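Below is one structure, written out as structure tokens; comments come after it.
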Amino acid sequence: MSPILELQNLQKHYANQKAVDNVSFSIQQGSIFGLLGPNGAGKTTLLRMITGIFFPDNGNIILDGKPFDPLNDILKIGYMPEERGLYKKMKIGEQALYLAQLKGLTKAEAMDKIKYWFQKLEMETWWNKKVEDLSKGMSQKLQFVITVLHQPKLIILDEPFSGLDPVNANLIKDEIFSLAQQGSTIIFSTHRMEQVEEICDHIVLMNLGKKILDGSVANIKQQFKQHTFSIQLGQLPNNLLAESFTVQNQQQNKLTVKINPGYNSNAVLQHFLQQECLIESFNEVLPSLNDIFIQLVHNSHSTTRAFQIA
Amino acid sequence: MNKIVTIAQREFLSRVQKKTFLLTTILLPLIIFVFYGMIIYFSIKSTENFRIAVADKANIFEGKLNGKDNVSFVFVPNETPESLKAKVVDKTYEGYVYIPEHFSLQKRDSLKLVSGKTVGLITRENIQKVLNNTLEEKRLLSSMQISKSQLDSMQQEQQIAFATVDGVGNDDAKVGVSFAMGYASGFLIYIILFIYGTMVMRGVMEEKTNRIAEVIISSVKPFQLMMGKIIGIGTVGLLQFCIWITLMIGLNLLLPLLFPQFAEQMASQPIQPAGAQAINAVKSSGLIGTFLSGAESINMGMIVACFIFYFLGGYLLYSSLFAAVGSAVNEDPQDAQSLLLPITMPIIFAIVIMTKAVNDPTSGIALFGSLFPLTSPIVMMARIPFGVPETVPYWQLIVSMLLLVLGFIGTTWLSGKIYRVGILMYGKKPTWKEMWKWAFRRN
């Protein structure tokens, strides 16, 4: 399958810093893609270039096989920025209609789609309410509807769950999955790692404007695994010392062991079997994305920098 | 282009459908109307009548004193001060003047008016005028031994006509009306620039603080958003003005019905629809009647056409600057204040030039002010009523209009660049240096 979006050596400089420095990656159609990074890593700048708000200083953006044309490709993209809001005094129905028309839909098309989404997310009764009457979660839902209303091929969500309660967060999450199944591609920018692990197929980690990690979630975890296993035993053996592993942690009958170089997991099992211990469970401990994230970002000695433009 | 229209539509409708729009648009002229109605009513009604009993024992006034406004005189030759006092107390008269037999004109004996209560300033002045004028006339007649008609003809003022060398007459009435109209239309443009300029600025600030700007910017170009807003609010302004003018014309036609005395004055001056606005302007400066003849000698069509051009040009020029300021500041309105200063300065400068220009519409400073695009909407509108092409030659008008068009293209371009960066910036207030960089950065 061809990638829906391809970034080639993308660069954006501000007066005194490189906000995005030579970033390249590609996103497959129908995937859920996570763009991660600490505050000030350049995520928002990168997204603004993908949505046509900023022009890159250098590099190319290929959307759907063709160079990205900000004016005409608007309909292909749905962008929910991190700094988002709505007209407080405007009625919700009118607001959705207005924003859909700005995307380029005709009034009739927009009406059909608004009705569909409002029904789906049980928002029909909201039509004549004003945004200022909505709770934060409700307006977030509305914001999501506005973003996906025009059936964009590429949906970009910047921190979509901030301020949502678990019920609404799950609701939106399910919608994201079903949109991906229908063939939309979703770019998901966040610094909440547990959500990324749950949702994303593929991630890119950025720091200080550079890409420092790129791959599928499973691969990355394999890549960063520490060869540690957790073992639950029926009873502790007499001898916990072996050449094949080192015990890192012991909680009653539960051990966390790190396999020494040159051995594999079978050697560990053998050791306990030989001592006639009952092995209740044995599984590999993979690092969480959170650990990897902190490890990588910490190693690069970065302190978060403020987003600045002038 | 289509999107600009969609945005302008929303800006227009969201303002027109508000209750406050109806209130300010309909109520404001009504309040002004009631206000002027009351002024006129009270000036006609004036104060209550003031009857003065004159016991003229010396027969100085020979039984004749003309009343003035609310003051009237009644001769009561047979009364004494005591009986007059009693009559003032029981309110037959409001006051009395007792002139004893030995009173002499030449010796300048003083007269004394005794009244029931303190006499108001205007009434006092009326009484003084009548008595002094009459006494002065009597003194002149008695010392010069001439007849009343000889005296009248001597005192008559000579008519002096004013004309320019190219033969165009400009009588007092016309200059007066030009002055009033110039002042009024210059001031009106000044008010428009401020009202609708700040409206644009607040609209932009609202979008920024509501954080909707980036949502919209991802579907339309920032320039489209800015222009849509400017055009939408400009249309609101035009609509509001049309309603005001219609209302004022309507109410002015109503005025004579409510005040019949006033109608007599107006009857001799037929109102033309185009001229009604001007008449209104003149009336509001309190110079009724006298100027109505002058108003007809002015090219009203030209003034209205120029007014609309300078209104739109000035609005477009300044509103984009206001939009740029709105995009640069955050929640704090105080920040807007300090950034607004460089924008308000040329407007205030224009008002200063305008006050000079209405007095001397051909002076160098007036010419400069009416060509320089930042001041021309106000200053040129102050000069145009003095006559095109007599006072403002065609070339000046054309150059001024061209410069204004270039000016607003320039400011819109500049503001567009500041706006594009500012609308997405949160956090601290930018400095002038930063805004300058935004404006002149490539792409």
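Lettering and numbering for the structure tokens are positional, with chains as A, B, ... in the shown order, residues counted from 1 in each chain, and ligands counted from 1 in the shown order.
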For Leu289 (chain A), please output as a compact mmCIF listing (two decimals) with C-alpha atoms, in the first residue's frame all residues within 9 Å (counting only C-alpha atoms; exclusion window: fewer than 5 positions along the same chain).
```
# COMPACT_ATOMS: atom_id res chain seq x y z
CA MET A 193 2.18 7.53 26.42
CA GLU A 194 -0.40 5.09 27.78
CA VAL A 196 -0.35 5.90 22.42
CA GLU A 197 0.40 2.31 23.41
CA VAL A 217 5.00 0.12 18.68
CA ILE A 220 10.20 -0.36 19.24
CA LYS A 221 9.44 -2.25 22.40
CA ILE A 294 11.87 9.25 29.30
```
Among region 56-199 of chain B, which ones does DSSP assign to alpha helix (DSSP H) (computed from the backbone)? Answer as a compact mmCIF listing (two decimals) with N, CA and C atoms, in the first residue's frame.
```
# COMPACT_ATOMS: atom_id res chain seq x y z
N PRO B 81 -45.85 103.19 44.03
CA PRO B 81 -44.99 102.04 44.32
C PRO B 81 -45.68 101.04 45.25
N GLU B 82 -46.44 101.54 46.23
CA GLU B 82 -47.07 100.64 47.18
C GLU B 82 -48.11 99.76 46.50
N SER B 83 -48.96 100.39 45.65
CA SER B 83 -50.01 99.61 45.00
C SER B 83 -49.40 98.62 44.00
N LEU B 84 -48.29 99.04 43.37
CA LEU B 84 -47.61 98.13 42.41
C LEU B 84 -47.05 96.91 43.14
N LYS B 85 -46.48 97.21 44.29
CA LYS B 85 -45.91 96.12 45.08
C LYS B 85 -46.98 95.09 45.40
N ALA B 86 -48.16 95.60 45.80
CA ALA B 86 -49.26 94.70 46.14
C ALA B 86 -49.64 93.86 44.93
N LYS B 87 -49.64 94.50 43.74
CA LYS B 87 -50.04 93.76 42.54
C LYS B 87 -49.00 92.70 42.15
N VAL B 88 -47.73 92.99 42.43
CA VAL B 88 -46.70 91.98 42.16
C VAL B 88 -46.87 90.80 43.12
N VAL B 89 -47.19 91.15 44.37
CA VAL B 89 -47.36 90.09 45.36
C VAL B 89 -48.54 89.19 44.97
N LEU B 121 -31.58 84.73 33.91
CA LEU B 121 -30.56 85.42 33.12
C LEU B 121 -31.09 85.90 31.78
N ILE B 122 -31.80 85.02 31.07
CA ILE B 122 -32.25 85.36 29.71
C ILE B 122 -33.30 86.45 29.76
N THR B 123 -34.22 86.31 30.70
CA THR B 123 -35.26 87.32 30.87
C THR B 123 -34.61 88.67 31.23
N ARG B 124 -33.68 88.62 32.14
CA ARG B 124 -32.96 89.83 32.56
C ARG B 124 -32.31 90.53 31.36
N GLU B 125 -31.68 89.69 30.52
CA GLU B 125 -31.00 90.25 29.35
C GLU B 125 -32.02 90.89 28.40
N ASN B 126 -33.16 90.20 28.21
CA ASN B 126 -34.20 90.75 27.34
C ASN B 126 -34.70 92.10 27.84
N ILE B 127 -34.91 92.17 29.14
CA ILE B 127 -35.42 93.42 29.71
C ILE B 127 -34.40 94.53 29.53
N GLN B 128 -33.14 94.20 29.83
CA GLN B 128 -32.08 95.21 29.70
C GLN B 128 -31.98 95.71 28.27
N LYS B 129 -32.07 94.76 27.32
CA LYS B 129 -31.95 95.14 25.91
C LYS B 129 -33.05 96.10 25.51
N VAL B 130 -34.29 95.73 25.85
CA VAL B 130 -35.43 96.55 25.44
C VAL B 130 -35.30 97.95 26.03
N LEU B 131 -35.04 98.01 27.33
CA LEU B 131 -35.00 99.31 28.00
C LEU B 131 -33.83 100.15 27.49
N ASN B 132 -32.65 99.54 27.40
CA ASN B 132 -31.48 100.28 26.96
C ASN B 132 -31.61 100.76 25.53
N ASN B 133 -32.09 99.87 24.63
CA ASN B 133 -32.25 100.28 23.23
C ASN B 133 -33.23 101.43 23.12
N THR B 134 -34.33 101.31 23.85
CA THR B 134 -35.33 102.36 23.76
C THR B 134 -34.77 103.68 24.30
N LEU B 135 -34.06 103.58 25.45
CA LEU B 135 -33.51 104.79 26.04
C LEU B 135 -32.45 105.41 25.15
N GLU B 136 -31.63 104.55 24.53
CA GLU B 136 -30.57 105.05 23.64
C GLU B 136 -31.19 105.81 22.48
N GLU B 137 -32.25 105.22 21.94
CA GLU B 137 -32.93 105.86 20.81
C GLU B 137 -33.50 107.22 21.22
N LYS B 138 -34.12 107.21 22.41
CA LYS B 138 -34.71 108.47 22.91
C LYS B 138 -33.64 109.54 23.07
N ARG B 139 -32.50 109.16 23.65
CA ARG B 139 -31.42 110.11 23.87
C ARG B 139 -30.90 110.67 22.55
N LEU B 140 -30.71 109.76 21.57
CA LEU B 140 -30.23 110.20 20.27
C LEU B 140 -31.21 111.17 19.63
N LEU B 141 -32.49 110.78 19.67
CA LEU B 141 -33.50 111.61 19.02
C LEU B 141 -33.57 112.99 19.66
N SER B 142 -33.49 113.02 20.99
CA SER B 142 -33.67 114.32 21.66
C SER B 142 -32.44 115.20 21.51
N SER B 143 -31.22 114.59 21.46
CA SER B 143 -30.04 115.45 21.38
C SER B 143 -29.72 115.85 19.95
N MET B 144 -30.08 115.02 18.94
CA MET B 144 -29.71 115.36 17.56
C MET B 144 -30.81 116.04 16.78
N LYS B 148 -37.34 109.84 13.60
CA LYS B 148 -37.11 108.42 13.83
C LYS B 148 -36.61 107.72 12.56
N SER B 149 -37.23 108.06 11.42
CA SER B 149 -36.85 107.38 10.18
C SER B 149 -35.42 107.73 9.77
N GLN B 150 -35.00 109.01 10.00
CA GLN B 150 -33.61 109.39 9.71
C GLN B 150 -32.64 108.56 10.54
N LEU B 151 -33.00 108.39 11.81
CA LEU B 151 -32.14 107.62 12.71
C LEU B 151 -32.02 106.18 12.22
N ASP B 152 -33.18 105.61 11.85
CA ASP B 152 -33.18 104.22 11.39
C ASP B 152 -32.27 104.03 10.19
N SER B 153 -32.36 104.95 9.25
CA SER B 153 -31.56 104.78 8.03
C SER B 153 -30.07 104.94 8.31
N MET B 154 -29.74 105.78 9.30
CA MET B 154 -28.33 105.93 9.66
C MET B 154 -27.78 104.65 10.28
N GLN B 155 -28.65 103.98 11.07
CA GLN B 155 -28.17 102.82 11.80
C GLN B 155 -28.13 101.54 10.98
N ASP B 172 -22.16 84.50 2.70
CA ASP B 172 -22.00 84.04 4.08
C ASP B 172 -22.67 82.70 4.32
N ALA B 173 -23.90 82.61 3.78
CA ALA B 173 -24.68 81.40 4.05
C ALA B 173 -23.93 80.18 3.55
N LYS B 174 -23.37 80.31 2.29
CA LYS B 174 -22.72 79.15 1.72
C LYS B 174 -21.47 78.77 2.52
N VAL B 175 -20.66 79.78 2.86
CA VAL B 175 -19.45 79.49 3.63
C VAL B 175 -19.83 78.87 4.96
N GLY B 176 -20.89 79.39 5.56
CA GLY B 176 -21.34 78.85 6.84
C GLY B 176 -21.74 77.40 6.73
N VAL B 177 -22.54 77.10 5.69
CA VAL B 177 -23.00 75.72 5.53
C VAL B 177 -21.81 74.82 5.23
N SER B 178 -20.89 75.30 4.36
CA SER B 178 -19.71 74.50 4.04
C SER B 178 -18.93 74.18 5.30
N PHE B 179 -18.79 75.20 6.15
CA PHE B 179 -18.06 75.02 7.40
C PHE B 179 -18.73 73.93 8.24
N ALA B 180 -20.03 74.09 8.40
CA ALA B 180 -20.77 73.15 9.25
C ALA B 180 -20.72 71.74 8.66
N MET B 181 -20.93 71.66 7.33
CA MET B 181 -20.96 70.34 6.71
C MET B 181 -19.59 69.70 6.74
N GLY B 182 -18.57 70.52 6.47
CA GLY B 182 -17.21 70.00 6.49
C GLY B 182 -16.86 69.46 7.86
N TYR B 183 -17.20 70.24 8.85
CA TYR B 183 -16.91 69.83 10.21
C TYR B 183 -17.66 68.55 10.55
N ALA B 184 -18.96 68.55 10.21
CA ALA B 184 -19.80 67.41 10.57
C ALA B 184 -19.32 66.14 9.87
N SER B 185 -19.04 66.23 8.55
CA SER B 185 -18.69 64.98 7.85
C SER B 185 -17.30 64.52 8.25
N GLY B 186 -16.37 65.46 8.48
CA GLY B 186 -15.05 65.06 8.96
C GLY B 186 -15.14 64.33 10.30
N PHE B 187 -15.96 64.89 11.16
CA PHE B 187 -16.10 64.31 12.49
C PHE B 187 -16.79 62.95 12.43
N LEU B 188 -17.76 62.86 11.54
CA LEU B 188 -18.50 61.60 11.37
C LEU B 188 -17.55 60.49 10.95
N ILE B 189 -16.66 60.80 9.98
CA ILE B 189 -15.70 59.79 9.52
C ILE B 189 -14.80 59.37 10.68
N TYR B 190 -14.41 60.36 11.47
CA TYR B 190 -13.56 60.09 12.63
C TYR B 190 -14.24 59.09 13.57
N ILE B 191 -15.52 59.35 13.83
CA ILE B 191 -16.26 58.46 14.74
C ILE B 191 -16.40 57.07 14.13
N ILE B 192 -16.71 57.03 12.83
CA ILE B 192 -16.86 55.74 12.14
C ILE B 192 -15.59 54.92 12.25
N LEU B 193 -14.44 55.57 11.98
CA LEU B 193 -13.17 54.86 12.02
C LEU B 193 -12.98 54.20 13.39
N PHE B 194 -13.32 54.95 14.43
CA PHE B 194 -13.12 54.41 15.77
C PHE B 194 -14.11 53.30 16.09
N ILE B 195 -15.39 53.56 15.85
CA ILE B 195 -16.42 52.58 16.23
C ILE B 195 -16.17 51.26 15.51
N TYR B 196 -16.07 51.32 14.19
CA TYR B 196 -16.00 50.06 13.44
C TYR B 196 -14.59 49.47 13.49
N GLY B 197 -13.59 50.33 13.62
CA GLY B 197 -12.22 49.82 13.78
C GLY B 197 -12.08 48.98 15.04
N THR B 198 -12.59 49.52 16.16
CA THR B 198 -12.47 48.75 17.40
C THR B 198 -13.37 47.51 17.34
N MET B 199 -14.47 47.60 16.58
CA MET B 199 -15.32 46.43 16.44
C MET B 199 -14.53 45.29 15.76
```
Expected answer as a list in words: chain A residues within 7 Å of chain B, only C-alpha atoms: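 For chain A, the answer reads Thr51, Ile53, Ile74, Tyr79, Met80, Pro81, Glu83, Arg84, Gly85, Leu86, Tyr87, Leu102, Lys103 and Ala310 of chain A.
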Those in region 100-249 of chain A with strand (DSSP E) from DSSP, as a ChimeraX atom specification: /A:154-158,185-190,202-207,210-216,228-233,245-249
Among the residues B:Ile384, B:Val236, B:Ile348, B:Leu414, the one that comes closest to Ala305 (chain B) [using only C-alpha atoms]: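 For Ala305 (chain B), the nearest of the given residues is B:Ile384.
Interatomic distance, CA of Ser189 (chain A) against CA of Asp158 (chain A): 4.7 Å.
Counting only C-alpha atoms, region 201-210 of chain A has the following residues at most 7 Å away, ignoring those fewer than 4 positions along the same chain: A:Lys18, A:Ala19, A:Val20, A:Asp21, A:Asn22, A:Val23, A:Ser31, A:Ile32, A:Phe33, A:Gly34, A:Leu35, A:Leu36, A:Gly37, A:Pro38, A:Ala41, A:Gly42, A:Asp214, A:Gly215, A:Ser216, A:Val217, A:Val297.
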